[in-house]
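With compact mmCIF, C-alpha atoms and all ligand atoms inside, this is structure25.txt:
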```txt
# COMPACT_ATOMS: atom_id res chain seq x y z
CA MET A 29 30.57 82.19 40.15
CA THR A 30 29.01 79.39 42.16
CA LEU A 31 25.30 78.58 42.09
CA ARG A 32 23.74 79.39 45.48
CA PHE A 33 21.46 76.66 46.83
CA GLY A 34 18.76 76.32 49.44
CA LEU A 35 18.06 72.82 50.77
CA ILE A 36 14.49 71.85 51.71
CA GLY A 37 14.30 68.59 53.63
CA ALA A 38 17.45 67.69 55.57
CA GLY A 39 16.77 64.06 56.50
CA GLY A 40 18.60 60.96 55.24
CA ILE A 41 19.34 61.97 51.67
CA GLY A 42 19.05 65.73 52.31
CA ALA A 43 22.04 65.47 54.66
CA VAL A 44 24.04 63.70 51.90
CA ARG A 45 22.97 66.41 49.42
CA ALA A 46 24.25 68.98 51.95
CA GLN A 47 27.65 67.25 52.08
CA ALA A 48 27.85 67.16 48.29
CA LEU A 49 26.96 70.85 47.98
CA THR A 50 29.53 71.73 50.64
CA ARG A 51 32.30 69.81 48.83
CA SER A 52 31.42 71.13 45.36
CA ALA A 53 33.65 73.82 43.90
CA ASN A 54 30.72 75.09 41.82
CA CYS A 55 27.92 75.21 44.42
CA THR A 56 27.33 77.00 47.71
CA LEU A 57 24.80 75.85 50.27
CA VAL A 58 23.51 79.09 51.76
CA ALA A 59 20.07 78.27 53.20
CA VAL A 60 18.24 75.32 54.71
CA HIS A 61 14.69 74.51 55.79
CA ASP A 62 13.20 71.43 57.41
CA VAL A 63 10.05 71.10 59.49
CA ASP A 64 12.43 69.62 62.06
CA PRO A 65 14.87 72.51 62.80
CA ALA A 66 17.37 70.23 64.59
CA ARG A 67 17.80 68.13 61.44
CA ALA A 68 18.30 71.22 59.31
CA ARG A 69 20.92 72.66 61.66
CA GLN A 70 22.75 69.36 61.94
CA ALA A 71 22.83 68.71 58.19
CA ALA A 72 23.85 72.25 57.19
CA PRO A 73 25.31 74.11 60.19
CA GLN A 74 26.97 76.70 57.93
CA ALA A 75 23.74 77.62 56.11
CA ALA A 76 21.11 80.15 57.22
CA PHE A 77 18.20 78.28 58.80
CA HIS A 78 14.75 79.42 57.62
CA ALA A 79 11.94 78.34 59.93
CA ASP A 80 9.46 79.46 57.27
CA VAL A 81 9.85 77.81 53.85
CA ALA A 82 8.38 80.87 52.08
CA SER A 83 11.22 83.01 53.43
CA LEU A 84 13.77 80.57 51.94
CA LEU A 85 11.96 80.38 48.60
CA THR A 86 11.82 84.15 48.20
CA SER A 87 15.31 84.80 49.53
CA PRO A 88 17.42 86.88 47.13
CA ASP A 89 20.47 84.97 48.42
CA ILE A 90 19.64 81.75 46.56
CA ASP A 91 19.43 80.80 42.87
CA ALA A 92 18.20 77.21 43.21
CA VAL A 93 16.69 74.72 45.62
CA VAL A 94 17.18 71.02 46.25
CA ILE A 95 13.94 69.41 47.44
CA ALA A 96 14.51 66.27 49.55
CA THR A 97 11.25 65.96 51.49
CA PRO A 98 8.79 63.05 51.26
CA PRO A 99 7.39 63.06 47.67
CA GLN A 100 3.86 64.28 48.56
CA PHE A 101 5.37 67.74 49.21
CA HIS A 102 7.52 67.93 46.05
CA GLU A 103 4.84 69.47 43.81
CA ARG A 104 3.89 72.43 46.00
CA LEU A 105 7.48 73.20 46.97
CA ALA A 106 8.83 72.92 43.41
CA ILE A 107 6.05 75.07 41.94
CA ASP A 108 6.42 77.75 44.64
CA ALA A 109 10.20 77.74 44.10
CA MET A 110 9.94 78.18 40.32
CA GLU A 111 7.27 80.88 40.74
CA ALA A 112 9.76 82.65 43.00
CA GLY A 113 12.36 82.48 40.21
CA LYS A 114 14.45 79.60 41.56
CA HIS A 115 15.74 76.60 39.64
CA VAL A 116 14.76 73.23 41.14
CA LEU A 117 16.44 69.87 41.58
CA VAL A 118 13.89 67.55 43.14
CA GLU A 119 14.62 64.11 44.57
CA LYS A 120 13.10 60.99 43.05
CA PRO A 121 10.30 60.05 42.72
CA MET A 122 9.44 63.42 41.18
CA ALA A 123 5.98 63.29 42.85
CA ALA A 124 3.35 60.76 43.88
CA SER A 125 1.06 61.32 40.87
CA VAL A 126 1.29 61.98 37.14
CA GLU A 127 -0.88 65.09 37.59
CA ALA A 128 1.53 66.54 40.15
CA CYS A 129 4.51 65.88 37.84
CA ARG A 130 2.68 67.55 34.94
CA ALA A 131 1.91 70.62 37.03
CA MET A 132 5.63 70.83 37.81
CA THR A 133 6.83 70.49 34.19
CA GLU A 134 4.22 73.03 33.05
CA THR A 135 5.43 75.52 35.66
CA ALA A 136 9.04 74.97 34.54
CA LYS A 137 8.02 75.69 30.94
CA ARG A 138 6.05 78.80 31.83
CA THR A 139 8.65 80.27 34.19
CA GLY A 140 11.69 79.22 32.14
CA ARG A 141 13.32 77.75 35.23
CA THR A 142 15.40 74.55 35.16
CA LEU A 143 13.62 71.55 36.67
CA ALA A 144 15.75 68.43 37.17
CA VAL A 145 15.06 65.14 38.95
CA GLY A 146 17.60 63.38 41.17
CA PHE A 147 18.26 60.26 39.13
CA ASN A 148 21.86 60.18 40.34
CA HIS A 149 22.38 56.49 39.41
CA ARG A 150 22.94 57.78 35.87
CA TYR A 151 26.29 59.08 37.16
CA PHE A 152 27.57 55.81 38.67
CA GLU A 153 30.76 54.86 36.80
CA ALA A 154 29.53 51.43 35.67
CA LEU A 155 26.29 52.98 34.42
CA LYS A 156 28.13 55.67 32.47
CA LEU A 157 30.17 52.96 30.77
CA LEU A 158 27.07 50.91 29.90
CA ARG A 159 25.17 53.90 28.50
CA ASP A 160 28.18 55.12 26.49
CA THR A 161 28.83 51.62 25.13
CA VAL A 162 25.23 51.32 23.91
CA ALA A 163 25.29 54.85 22.45
CA SER A 164 28.59 54.17 20.62
CA GLY A 165 26.94 51.35 18.63
CA GLU A 166 29.61 48.81 19.75
CA LEU A 167 26.88 46.34 20.75
CA GLY A 168 25.28 46.50 17.31
CA THR A 169 21.52 46.76 16.97
CA LEU A 170 20.06 46.96 20.48
CA SER A 171 17.75 44.04 21.24
CA HIS A 172 16.72 44.23 24.90
CA VAL A 173 17.57 45.62 28.32
CA ARG A 174 17.20 43.84 31.70
CA ALA A 175 17.20 45.68 35.00
CA TYR A 176 16.78 44.88 38.67
CA ALA A 177 16.84 46.77 41.94
CA GLY A 178 16.22 45.21 45.32
CA HIS A 179 16.72 45.52 49.05
CA MET A 180 15.46 43.84 52.21
CA GLY A 181 12.25 45.88 52.35
CA LEU A 182 10.51 46.81 55.57
CA ALA A 183 13.58 46.64 57.83
CA GLU A 184 15.25 49.30 55.64
CA PHE A 185 12.62 51.98 56.25
CA LYS A 186 13.05 54.64 58.89
CA ALA A 187 9.55 56.13 58.54
CA PRO A 188 6.09 54.76 57.66
CA TRP A 189 5.60 57.28 54.81
CA MET A 190 8.27 55.36 52.86
CA TYR A 191 5.78 52.54 52.25
CA ASP A 192 2.63 54.67 52.08
CA PRO A 193 1.45 54.89 48.44
CA GLN A 194 -0.41 58.15 49.19
CA VAL A 195 2.96 59.76 49.98
CA MET A 196 5.33 57.83 47.69
CA GLY A 197 3.02 57.15 44.75
CA GLY A 198 3.54 53.40 45.07
CA GLY A 199 5.78 50.77 46.63
CA ALA A 200 9.03 49.13 45.49
CA LEU A 201 8.58 50.57 42.01
CA PHE A 202 8.54 54.16 43.34
CA ASP A 203 11.35 53.55 45.82
CA ASN A 204 14.47 51.86 44.40
CA GLY A 205 12.54 50.77 41.29
CA ILE A 206 12.10 54.28 39.94
CA HIS A 207 15.91 54.58 39.57
CA VAL A 208 16.15 51.46 37.37
CA LEU A 209 12.98 52.37 35.51
CA ASP A 210 14.65 55.66 34.61
CA LEU A 211 17.87 53.81 33.68
CA VAL A 212 16.01 51.49 31.31
CA ARG A 213 14.50 54.53 29.55
CA TYR A 214 17.89 56.25 29.60
CA VAL A 215 19.57 53.28 27.90
CA MET A 216 16.92 52.10 25.42
CA GLY A 217 15.01 55.31 24.74
CA ASP A 218 11.51 56.30 25.61
CA VAL A 219 8.88 53.69 26.36
CA THR A 220 5.46 53.58 24.67
CA GLU A 221 4.11 50.17 25.75
CA VAL A 222 3.93 48.89 29.32
CA PHE A 223 2.89 45.53 30.73
CA GLY A 224 3.38 44.50 34.33
CA HIS A 225 2.31 43.19 37.69
CA ALA A 226 2.59 44.54 41.22
CA LEU A 227 2.78 41.85 43.94
CA HIS A 228 1.77 42.00 47.61
CA ARG A 229 2.84 38.53 48.69
CA VAL A 230 5.66 39.22 51.16
CA TRP A 231 4.85 42.19 53.43
CA ASN A 232 1.35 43.06 54.59
CA LEU A 233 1.41 46.58 53.16
CA PRO A 234 -0.81 48.72 50.91
CA ALA A 235 2.28 49.30 48.72
CA GLU A 236 3.61 46.51 46.48
CA ASP A 237 6.68 44.60 47.67
CA ASN A 238 7.67 43.52 44.16
CA ALA A 239 6.86 44.84 40.71
CA LEU A 240 7.77 43.23 37.38
CA ALA A 241 7.35 44.98 34.07
CA LEU A 242 7.95 44.60 30.35
CA LEU A 243 8.50 47.88 28.55
CA ARG A 244 8.76 48.43 24.80
CA ASN A 245 9.98 51.43 22.83
CA ALA A 246 8.77 52.60 19.41
CA ASP A 247 11.63 50.67 17.68
CA GLY A 248 10.58 47.37 19.28
CA VAL A 249 13.42 47.22 21.85
CA VAL A 250 12.11 45.52 25.01
CA GLY A 251 13.13 46.27 28.59
CA SER A 252 12.38 43.96 31.50
CA LEU A 253 12.44 45.35 34.97
CA GLN A 254 12.01 44.18 38.55
CA ALA A 255 11.88 46.25 41.72
CA SER A 256 11.99 44.27 44.95
CA TRP A 257 11.55 44.70 48.69
CA SER A 258 12.38 41.04 49.31
CA GLU A 259 15.98 40.88 48.17
CA TRP A 260 17.25 38.78 51.06
CA LYS A 261 20.89 39.16 49.91
CA GLY A 262 20.70 42.91 50.65
CA TYR A 263 20.84 46.06 48.52
CA GLN A 264 21.85 45.61 44.90
CA PHE A 265 20.94 46.67 41.43
CA HIS A 266 22.08 45.78 37.96
CA ILE A 267 21.22 46.57 34.39
CA GLU A 268 22.22 44.74 31.22
CA ALA A 269 21.91 45.76 27.58
CA TYR A 270 22.06 43.14 24.80
CA GLY A 271 22.71 43.88 21.14
CA ALA A 272 23.40 41.79 18.04
CA HIS A 273 27.17 42.25 18.59
CA GLY A 274 27.52 42.02 22.36
CA MET A 275 26.32 42.95 25.80
CA ALA A 276 27.13 45.33 28.64
CA ARG A 277 26.38 44.88 32.33
CA ALA A 278 26.57 47.41 35.16
CA TYR A 279 26.30 46.23 38.77
CA TYR A 280 26.25 47.90 42.18
CA ALA A 281 27.25 47.27 44.98
CA PRO A 282 30.18 46.87 44.63
CA MET A 283 30.56 48.83 41.39
CA GLN A 284 31.42 46.47 38.53
CA ALA A 285 30.90 46.31 34.78
CA THR A 286 31.31 43.76 32.00
CA VAL A 287 31.39 44.49 28.28
CA ILE A 288 31.44 41.72 25.65
CA THR A 289 31.74 42.62 21.99
CA MET A 290 31.88 40.50 18.82
CA ASP A 291 32.31 41.31 15.13
CA LYS A 292 29.17 39.33 14.34
CA PRO A 293 26.46 37.55 16.39
CA GLY A 294 28.13 34.55 18.03
CA GLY A 295 31.63 35.56 16.76
CA ALA A 296 34.89 35.62 18.73
CA ARG A 297 34.28 37.47 22.00
CA ARG A 298 36.30 40.35 23.43
CA VAL A 299 35.58 40.45 27.17
CA GLN A 300 36.29 43.48 29.33
CA ARG A 301 35.72 43.37 33.12
CA LEU A 302 35.91 46.53 35.23
CA PHE A 303 36.09 46.66 39.04
CA TYR A 304 36.56 50.37 39.92
CA PRO A 305 39.08 49.79 42.76
CA LYS A 306 39.28 53.53 43.59
CA ALA A 307 35.52 53.67 44.23
CA MET A 308 35.69 50.42 46.26
CA LEU A 309 38.52 51.73 48.44
CA ARG A 310 36.79 55.10 48.89
CA GLU A 311 33.61 53.29 50.00
CA LYS A 312 35.60 51.15 52.45
CA LEU A 313 37.06 54.28 54.04
CA GLN A 314 34.14 56.72 53.70
CA GLY A 315 31.04 54.56 53.27
CA TRP A 316 28.51 54.19 50.44
CA GLN A 317 27.68 57.87 50.80
CA SER A 318 30.98 58.71 49.09
CA THR A 319 29.76 57.11 45.85
CA VAL A 320 26.47 58.98 46.09
CA ILE A 321 28.28 62.28 46.80
CA ALA A 322 30.52 61.79 43.75
CA ALA A 323 27.42 61.18 41.62
CA PHE A 324 25.57 64.16 43.15
CA ASN A 325 28.46 66.48 42.34
CA GLU A 326 28.51 65.49 38.66
CA GLU A 327 24.74 65.87 38.65
CA PHE A 328 25.01 69.34 40.22
CA ASP A 329 27.51 70.36 37.52
CA ASP A 330 25.03 69.31 34.82
CA PHE A 331 22.24 71.12 36.68
CA ILE A 332 24.33 74.30 36.69
CA ALA A 333 25.00 73.88 32.96
CA ALA A 334 21.25 73.50 32.35
CA THR A 335 20.50 76.74 34.24
CA ARG A 336 22.86 78.42 31.75
CA GLY A 337 21.19 76.79 28.75
CA GLU A 338 24.19 74.48 28.21
CA ALA A 339 24.05 70.71 27.59
CA GLY A 340 26.63 69.64 30.19
CA SER A 341 27.51 65.95 30.00
CA GLY A 342 24.05 65.16 28.61
CA ARG A 343 23.35 62.74 31.45
CA ALA A 344 21.03 64.85 33.61
CA ALA A 345 17.41 63.79 34.11
CA SER A 346 14.98 66.57 33.27
CA GLY A 347 11.52 67.21 34.69
CA VAL A 348 10.12 65.47 31.60
CA ASP A 349 12.22 62.38 32.43
CA GLY A 350 10.86 62.48 35.98
CA LEU A 351 7.28 62.81 34.71
CA ARG A 352 7.74 59.96 32.24
CA SER A 353 9.15 57.61 34.89
CA VAL A 354 6.06 58.21 37.05
CA GLU A 355 3.76 57.72 34.02
CA VAL A 356 5.44 54.38 33.24
CA ALA A 357 5.31 53.24 36.89
CA LYS A 358 1.60 54.08 37.12
CA ALA A 359 1.05 52.25 33.80
CA VAL A 360 2.60 49.11 35.38
CA TYR A 361 -0.07 49.26 38.11
CA GLU A 362 -2.81 49.91 35.56
CA SER A 363 -1.64 46.97 33.45
CA GLY A 364 -1.51 44.66 36.48
CA ALA A 365 -5.07 45.61 37.41
CA SER A 366 -6.47 45.18 33.87
CA GLY A 367 -4.28 42.32 32.65
CA ARG A 368 -3.60 44.33 29.48
CA ALA A 369 -0.69 46.30 28.08
CA VAL A 370 -0.97 50.08 28.47
CA MET A 371 -0.01 52.27 25.52
CA LEU A 372 1.57 55.66 26.27
CA GLU A 373 1.50 58.62 23.89
CA PRO A 374 5.03 59.16 22.53
CA LEU A 375 6.76 62.19 24.04
CA SER A 376 6.27 65.17 21.75
N1 LIG A 401 18.49 59.80 45.09
C1 LIG A 401 18.45 58.77 45.93
O1 LIG A 401 19.13 57.78 45.74
C2 LIG A 401 17.54 58.84 47.13
C3 LIG A 401 17.82 58.07 48.28
C4 LIG A 401 16.97 58.16 49.38
C5 LIG A 401 15.83 58.97 49.33
N2 LIG A 401 15.57 59.68 48.19
C6 LIG A 401 14.37 60.53 48.09
O2 LIG A 401 14.60 61.72 48.86
C7 LIG A 401 13.38 62.14 49.48
C8 LIG A 401 13.59 62.16 51.00
O3 LIG A 401 13.91 60.87 51.46
P1 LIG A 401 14.75 60.61 52.81
O4 LIG A 401 15.14 59.20 52.80
O5 LIG A 401 15.82 61.64 52.96
O6 LIG A 401 13.61 60.86 53.90
P2 LIG A 401 13.80 61.32 55.44
O7 LIG A 401 12.51 61.01 56.12
O8 LIG A 401 15.05 60.77 55.99
O9 LIG A 401 13.96 62.90 55.32
C9 LIG A 401 12.91 63.73 54.92
C10 LIG A 401 13.09 65.07 55.62
O10 LIG A 401 12.07 65.96 55.15
C11 LIG A 401 11.56 66.68 56.28
N3 LIG A 401 10.22 67.14 55.92
C12 LIG A 401 9.06 66.41 55.90
N4 LIG A 401 8.05 67.18 55.41
C13 LIG A 401 8.59 68.39 55.13
C14 LIG A 401 8.07 69.59 54.59
N5 LIG A 401 6.76 69.70 54.26
N6 LIG A 401 8.89 70.65 54.43
C15 LIG A 401 10.19 70.56 54.79
N7 LIG A 401 10.75 69.46 55.29
C16 LIG A 401 9.96 68.37 55.46
C17 LIG A 401 11.62 65.70 57.44
O11 LIG A 401 11.61 66.38 58.71
C18 LIG A 401 12.92 64.98 57.15
O12 LIG A 401 14.03 65.62 57.77
C19 LIG A 401 12.31 61.18 49.00
O13 LIG A 401 11.70 61.69 47.83
C20 LIG A 401 13.10 59.92 48.67
O14 LIG A 401 12.48 59.07 47.75
C21 LIG A 401 16.40 59.66 47.11
```
Could you show the structure in this file as structure tokens?
Amino acid sequence: MTLRFGLIGAGGIGAVRAQALTRSANCTLVAVHDVDPARARQAAPQAAFHADVASLLTSPDIDAVVIATPPQFHERLAIDAMEAGKHVLVEKPMAASVEACRAMTETAKRTGRTLAVGFNHRYFEALKLLRDTVASGELGTLSHVRAYAGHMGLAEFKAPWMYDPQVMGGGALFDNGIHVLDLVRYVMGDVTEVFGHALHRVWNLPAEDNALALLRNADGVVGSLQASWSEWKGYQFHIEAYGAHGMARAYYAPMQATVITMDKPGGARRVQRLFYPKAMLREKLQGWQSTVIAAFNEEFDDFIAATRGEAGSGRAASGVDGLRSVEVAKAVYESGASGRAVMLEPLS
């Protein structure tokens, strides 16, 4: 049996979510709502259009919703959906504030519904390789992780809310940065110490155009992170993990990975370079969306497994992961303002 979805928010990424749901063998897109009916109908012509979001949320025809609206609406929509008995997959960033994320995770706990956050970069092939290489112990004792995400900034945005901190929660760190922030946590484990700076030196905006952070976990592994809206070379991100016996690097776009392993620090190196030609060809023919759709479909499969109480591939980002990423991002701002590191309570 397929899981029956309603889509709320059918703009840029909502339309790609709709394509992924339509192509999935395990999902059915049965309902759609957007405050702009034309967008909803265009993105999901086969789905029942609900002009009133409450009618979609209470519809007996759906089991789950995907929320792809601007982040300021995520909290209310996710809570109302879970109260109505639906499972929720909400786009990143989970919400604009820590309090909103907490209200969402508490509702998930109380209602027993699955709450997942759309950190689909976890499913990119190069990222899967990097995470699995670290987890296998091949790199030896993990030392540090470096991550970067950047794009050209203002010219990329289709709507002013995308750089409004009241809506997004922040700037570059809540936009592309929240993906790599999640990836750093995903690779090195949870973060308990945060130091950072948010910069406003490029665009004249209330939201930061660059953020740089140093994160530390309870074992002393350090992650460095930069999110940028002044990457003049165009969209790219990469993440690297260094251990005593080697390193792994994942890069996009195009999708590439490098793994170097040694029997001892500084020993003879085994170098593996991966180029993912199938993904590159698919992108040439079908655009970057094809990579995102492939990731979404693996993410949907894990989401379905979670609704059944199963582990799936173990890659999915939970509501708690979404909450933690927002806590860490807000701690970067707090640290920049105070000039001090911010300590976070370990996750219980
Ligand atoms: N996973 C990813 O890689 C990724 C990529 C892009 C965007 N996103 C996230 O997805 C979300 C949407 O971003 P986007 O780029 O698609 O934005 P968008 O502006 O293109 O689309 C948002 C849609 O939501 C609709 N909308 C606005 N308020 C609404 C409401 N209250 N109820 C119902 N519909 C409403 C708008 O009419 C619009 O169609 C954001 O949280 C964003 O950060 C994630």
Handout entry: Within 7 Å of ligand LIG 401 (chain A) (only C-alpha atoms and all ligand atoms), residues as a PyMOL selection string
Key = chain A and resi 36-42+61-64+67+96-99+101+119-121+146-148+186-187+203
Exercise for the section: Can you pull out every residue within 7 Å of A:Tyr304, counting all atoms listed in the file, but drop anything in the same chain fewer than 2 positions away, and send it as a VMD selection string? Expected result: chain A and resid 283 to 284 302 306 to 308
Exercise for the section: Between atom CA of A:Ala344 and atom CA of A:Gln314, measure the distance and give it in Å to one decimal. Expected result: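 So the two atoms, atom CA of A:Ala344 and atom CA of A:Gln314, lie 25.3 Å apart.
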Handout entry: d(atom CA of A:Ala123, atom CA of A:Arg104) in Å
Key =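 Atom-to-atom, atom CA of A:Ala123 to atom CA of A:Arg104, that is 9.9 Å.
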Contact table stretch 191-220 of chain A vs stretch 232-244 of chain A, cut-off 7 Å, shortest pair per residue, only C-alpha atoms, as JSON lines:
```
{"residue": "A:Tyr191", "atom": "CA", "partner": "A:Ala235", "partner_atom": "CA", "distance": 5.9}
{"residue": "A:Asp192", "atom": "CA", "partner": "A:Ala235", "partner_atom": "CA", "distance": 6.3}
{"residue": "A:Pro193", "atom": "CA", "partner": "A:Ala235", "partner_atom": "CA", "distance": 5.7}
{"residue": "A:Gly198", "atom": "CA", "partner": "A:Ala235", "partner_atom": "CA", "distance": 5.6}
{"residue": "A:Gly199", "atom": "CA", "partner": "A:Ala235", "partner_atom": "CA", "distance": 4.3}
{"residue": "A:Ala200", "atom": "CA", "partner": "A:Asp237", "partner_atom": "CA", "distance": 5.5}
{"residue": "A:Leu201", "atom": "CA", "partner": "A:Ala239", "partner_atom": "CA", "distance": 6.1}
{"residue": "A:Val219", "atom": "CA", "partner": "A:Arg244", "partner_atom": "CA", "distance": 5.5}
{"residue": "A:Thr220", "atom": "CA", "partner": "A:Arg244", "partner_atom": "CA", "distance": 6.1}
```
